[in-house]
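Shown next, in structure tokens, is the structure this report addresses.
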2 protein chains.
Amino acid sequence: MGQQTFIAVDWGTTNRRAYLIKNGTVVDTERDSLGVTAVPAGGFEEEVAKLRDRHGGAPVVLAGMVGSNRGWVDAGYVSTPATLEALATAVVHPMDGVLIIPGVRHVAEGRGDVMRGEEVQLLGALAAGLAPADALLCQPGTHCKWAWMKDGTLSAFVTAMTGEMFALLKAHALIGQEMTGEVTPGAAFVQGVREGGRGDLLASLFGVRPASLLSLRDREDAAAFVSGLLIGADCASHAGKGEVHLLADPALGALYSQAITELGGTPLLIDSHTAFIAGVTRLWEYLS
Amino acid sequence: MGQQTFIAVDWGTTNRRAYLIKNGTVVDTERDSLGVTAVPAGGFEEEVAKLRDRHGGAPVVLAGMVGSNRGWVDAGYVSTPATLEALATAVVHPMDGVLIIPGVRHVAEGRGDVMRGEEVQLLGALAAGLAPADALLCQPGTHCKWAWMKDGTLSAFVTAMTGEMFALLKAHALIGQEMTGEVTPGAAFVQGVREGGRGDLLASLFGVRPASLLSLRDREDAAAFVSGLLIGADCASHAGKGEVHLLADPALGALYSQAITELGGTPLLIDSHTAFIAGVTRLWEYLS
């Protein structure tokens, strides 16, 4: 295509972030809550037209859930080991000047996993030199992704329902009524991380109420302890003792850093927006 | 007291089971849904009076949540190692002819756990010769209890929120919409048990949706798989390779038996009503 200016959109389930990129540099940014679920059926074409009108009609590259069966068009998946070049080759064109990046599928030993949107950040982190070609990357969140990068490719990954489980427990479990305190990476969180590392999650979670009942832990520490339990279990299963490159917001980044350190690993924080921009720009170069 | 006839009540949160016991034999039984939460504040005295009137005014021994701070009177806890004699010594008398059995508390290495009602079954199983003096007993359910009996005492125990977690996930998690099929101890359940034994529960649970999406598992098998995951994780953490004496209803007994066998242990089913009767009768003997 040869155009030097394009709009990159990270279009998730509940929000959307768009970047106007000119010669590899972000010249304008917008963010709104127009996630995929907020767009009515058949409404994507119009929303994308409005976005392009606001930015001089530049072509757009869409990543994330917009390419799922709940989004505009199902852009499918490329298989691991995945590269930005493979993603570029498999882009879907729902209309002129619009490209949707596929997701990535990983199947090994009978287990399968998928991602959609995270792959641009992960491979972008390598493209930007924010992580080496062989590295473990982690994207904490509702569904926490752990990605093993090998020779510059996205080689394997696994997703844990860490954030979703915390929200579920807080809202609906019997222990939820204990989980009213603040979550910070302090002593109760660290106690939870150690307990979570024991790998007996169902019993450790039950133990939250007896601990209050028997005055073994302050009730206001329960939420931080449960957060530590879940993040500790997640990190103990996936982080190992080496470096983990974290693509996270400051709050979750602080919790995961604390947990990884506590379990003997080395956390390194990476800026996820920089990684996304680098990934989508490199991908655009393959397409141009 | 010397009386040969008494009423034993297993009074839980949501239901109540009463046995009229004469010279160690059950001569009448009743069961209703008048759990502790269904009795209005101040209503226990009247309910117990009605129960006694129906059975010739015999004295009553109450076990279970009726002795909690949500029940009639908080009967407290005895500490591990616990015996029926220790429980008998610590009974609470809210009124003439009425005894409430305390619960049991276990604290070790900074972790605490409690039970209330299960202790009569556990120690009763030994009193009835249904399990040896040194044994691992398991009571599956919403909150699954694992109890290590030593020299005839209840030496240590741990509770896992296995059943509650299944219900939570089915009702409120994103994977809940997949969990519509029947749960039987078949192939999908066994696959879940093996996966649960890997000790990566948060990732294994997330994997349920990708498995459907990528056609790696029939969607109707998801509920059995998740049940296997949770029971497998529970058993892998607690059962070991030896004998496990199960106090369970037939459905849960079949699932736990399958999981324990799959993980290399030996399940042995015990009748929990027989165990309760034996326990409460022996306890009554200590009181008489």
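All residue names refer to the structure tokens as shown: chains lettered A, B, ... in order, residues numbered from 1 in each chain, ligands numbered from 1 in order.
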
| query | range 160-177 of chain A: which residues within 6 Å, counting only C-alpha atoms, same-chain residues fewer than 2 positions away excluded, as a list in words? | reply | Gly141, Thr142, His143, Cys144 and Met179 of chain A; Leu202, Ala203 and Phe206 of chain B

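Between CA of Val66 in chain B and CA of Thr5 in chain B lies a distance of 21.3 Å.
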
| request: May I have the residues within 9 Å of Gly124 in chain A as a PyMOL selection string, using only C-alpha atoms and disregarding those fewer than 3 positions away in the same chain? | output: chain A and resi 84+119-121+127-130+272+274-283

| query | Can you list, as a ChimeraX atom specification, every residue of range 99-195 of chain B that DSSP puts in helix (DSSP H, G or I)? | reply | /B:118-127,162-172,174-178,187-195

Show me, as a JSON list (two decimals) with C-alpha atoms, in the first residue's frame, the residues that have an atom within 7 Å of range 221-232 of chain B when counting only C-alpha atoms, minus same-chain residues fewer than 2 positions from it.
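For reference, result.json as written:
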[["chain", "number", "residue", "atom", "x", "y", "z"],
["B", 162, "THR", "CA", -14.72, -27.71, 45.96],
["B", 166, "PHE", "CA", -18.33, -25.65, 41.04],
["B", 178, "GLU", "CA", -20.52, -24.02, 28.77],
["B", 179, "MET", "CA", -21.36, -26.01, 31.92],
["B", 180, "THR", "CA", -24.80, -27.21, 30.91],
["B", 181, "GLY", "CA", -24.16, -30.95, 30.50],
["B", 182, "GLU", "CA", -24.60, -33.75, 33.00],
["B", 183, "VAL", "CA", -21.83, -34.61, 35.48],
["B", 184, "THR", "CA", -21.03, -38.32, 35.54],
["B", 188, "ALA", "CA", -14.66, -36.19, 30.40],
["B", 189, "PHE", "CA", -14.64, -36.29, 34.20],
["B", 190, "VAL", "CA", -11.50, -38.46, 34.21],
["B", 191, "GLN", "CA", -9.83, -36.10, 31.72],
["B", 192, "GLY", "CA", -10.63, -33.28, 34.17],
["B", 193, "VAL", "CA", -9.21, -35.24, 37.11],
["B", 194, "ARG", "CA", -5.90, -35.76, 35.28],
["B", 195, "GLU", "CA", -5.77, -32.09, 34.29],
["B", 196, "GLY", "CA", -6.69, -31.04, 37.87],
["B", 197, "GLY", "CA", -3.85, -33.15, 39.19],
["B", 208, "VAL", "CA", -12.64, -24.80, 29.03],
["B", 217, "ARG", "CA", -13.83, -31.15, 23.57],
["B", 218, "ASP", "CA", -17.59, -31.50, 23.12],
["B", 219, "ARG", "CA", -19.32, -28.59, 24.75],
["B", 234, "ASP", "CA", -8.90, -31.47, 45.66],
["B", 235, "CYS", "CA", -7.91, -35.15, 45.69],
["B", 236, "ALA", "CA", -4.42, -34.55, 44.28],
["B", 256, "TYR", "CA", -14.65, -38.92, 44.43],
["B", 259, "ALA", "CA", -10.94, -39.40, 41.10]]

| query | Which residues in range 49-212 of chain A does DSSP call strand (DSSP E)? List them as an MDAnalysis selection string. | reply | chainID A and resid 60:63 77:79 92:95 98:100 103:108 111:115 135:139 144:150 153:160

Suppose we keep C-alpha atoms; can you now write the selection as a CSV table (one decimal), in the first residue's frame?
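Just written: result_38.csv:
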chain,number,residue,atom,x,y,z
A,60,VAL,CA,-7.1,1.5,9.7
A,61,VAL,CA,-5.6,-1.7,11.2
A,62,LEU,CA,-7.9,-3.3,13.9
A,63,ALA,CA,-6.7,-5.6,16.6
A,77,TYR,CA,-6.3,-17.4,14.2
A,78,VAL,CA,-2.8,-18.1,13.2
A,79,SER,CA,-1.1,-21.0,15.0
A,92,VAL,CA,-8.8,-9.9,6.9
A,93,HIS,CA,-10.2,-7.1,4.7
A,94,PRO,CA,-13.9,-6.4,5.6
A,95,MET,CA,-13.8,-3.3,3.3
A,98,VAL,CA,-9.7,-1.6,6.7
A,99,LEU,CA,-7.6,-4.5,7.9
A,100,ILE,CA,-8.4,-6.8,10.9
A,103,GLY,CA,-5.8,-13.9,16.8
A,104,VAL,CA,-3.3,-16.7,17.8
A,105,ARG,CA,-4.2,-20.2,18.7
A,106,HIS,CA,-1.9,-22.6,20.7
A,107,VAL,CA,-2.6,-26.3,21.0
A,108,ALA,CA,-0.2,-28.7,22.8
A,111,ARG,CA,-4.9,-28.4,25.6
A,112,GLY,CA,-5.8,-25.4,23.6
A,113,ASP,CA,-5.7,-21.6,24.2
A,114,VAL,CA,-6.4,-18.5,22.2
A,115,MET,CA,-5.7,-14.8,22.3
A,135,ALA,CA,11.7,-14.4,27.0
A,136,LEU,CA,8.7,-15.0,29.2
A,137,LEU,CA,6.1,-12.2,29.0
A,138,CYS,CA,3.1,-11.8,31.2
A,139,GLN,CA,-0.1,-9.7,30.7
A,144,CYS,CA,-3.8,-13.3,32.6
A,145,LYS,CA,-1.7,-14.3,29.6
A,146,TRP,CA,1.8,-15.9,30.0
A,147,ALA,CA,3.7,-16.1,26.7
A,148,TRP,CA,6.9,-17.9,26.0
A,149,MET,CA,8.8,-16.1,23.2
A,150,LYS,CA,11.4,-18.2,21.3
A,153,THR,CA,8.3,-15.8,17.8
A,154,LEU,CA,5.3,-16.2,20.0
A,155,SER,CA,6.0,-19.9,20.7
A,156,ALA,CA,3.6,-20.9,23.4
A,157,PHE,CA,1.1,-19.3,25.8
A,158,VAL,CA,-1.4,-20.1,28.5
A,159,THR,CA,-4.2,-18.0,30.0
A,160,ALA,CA,-5.2,-18.1,33.7
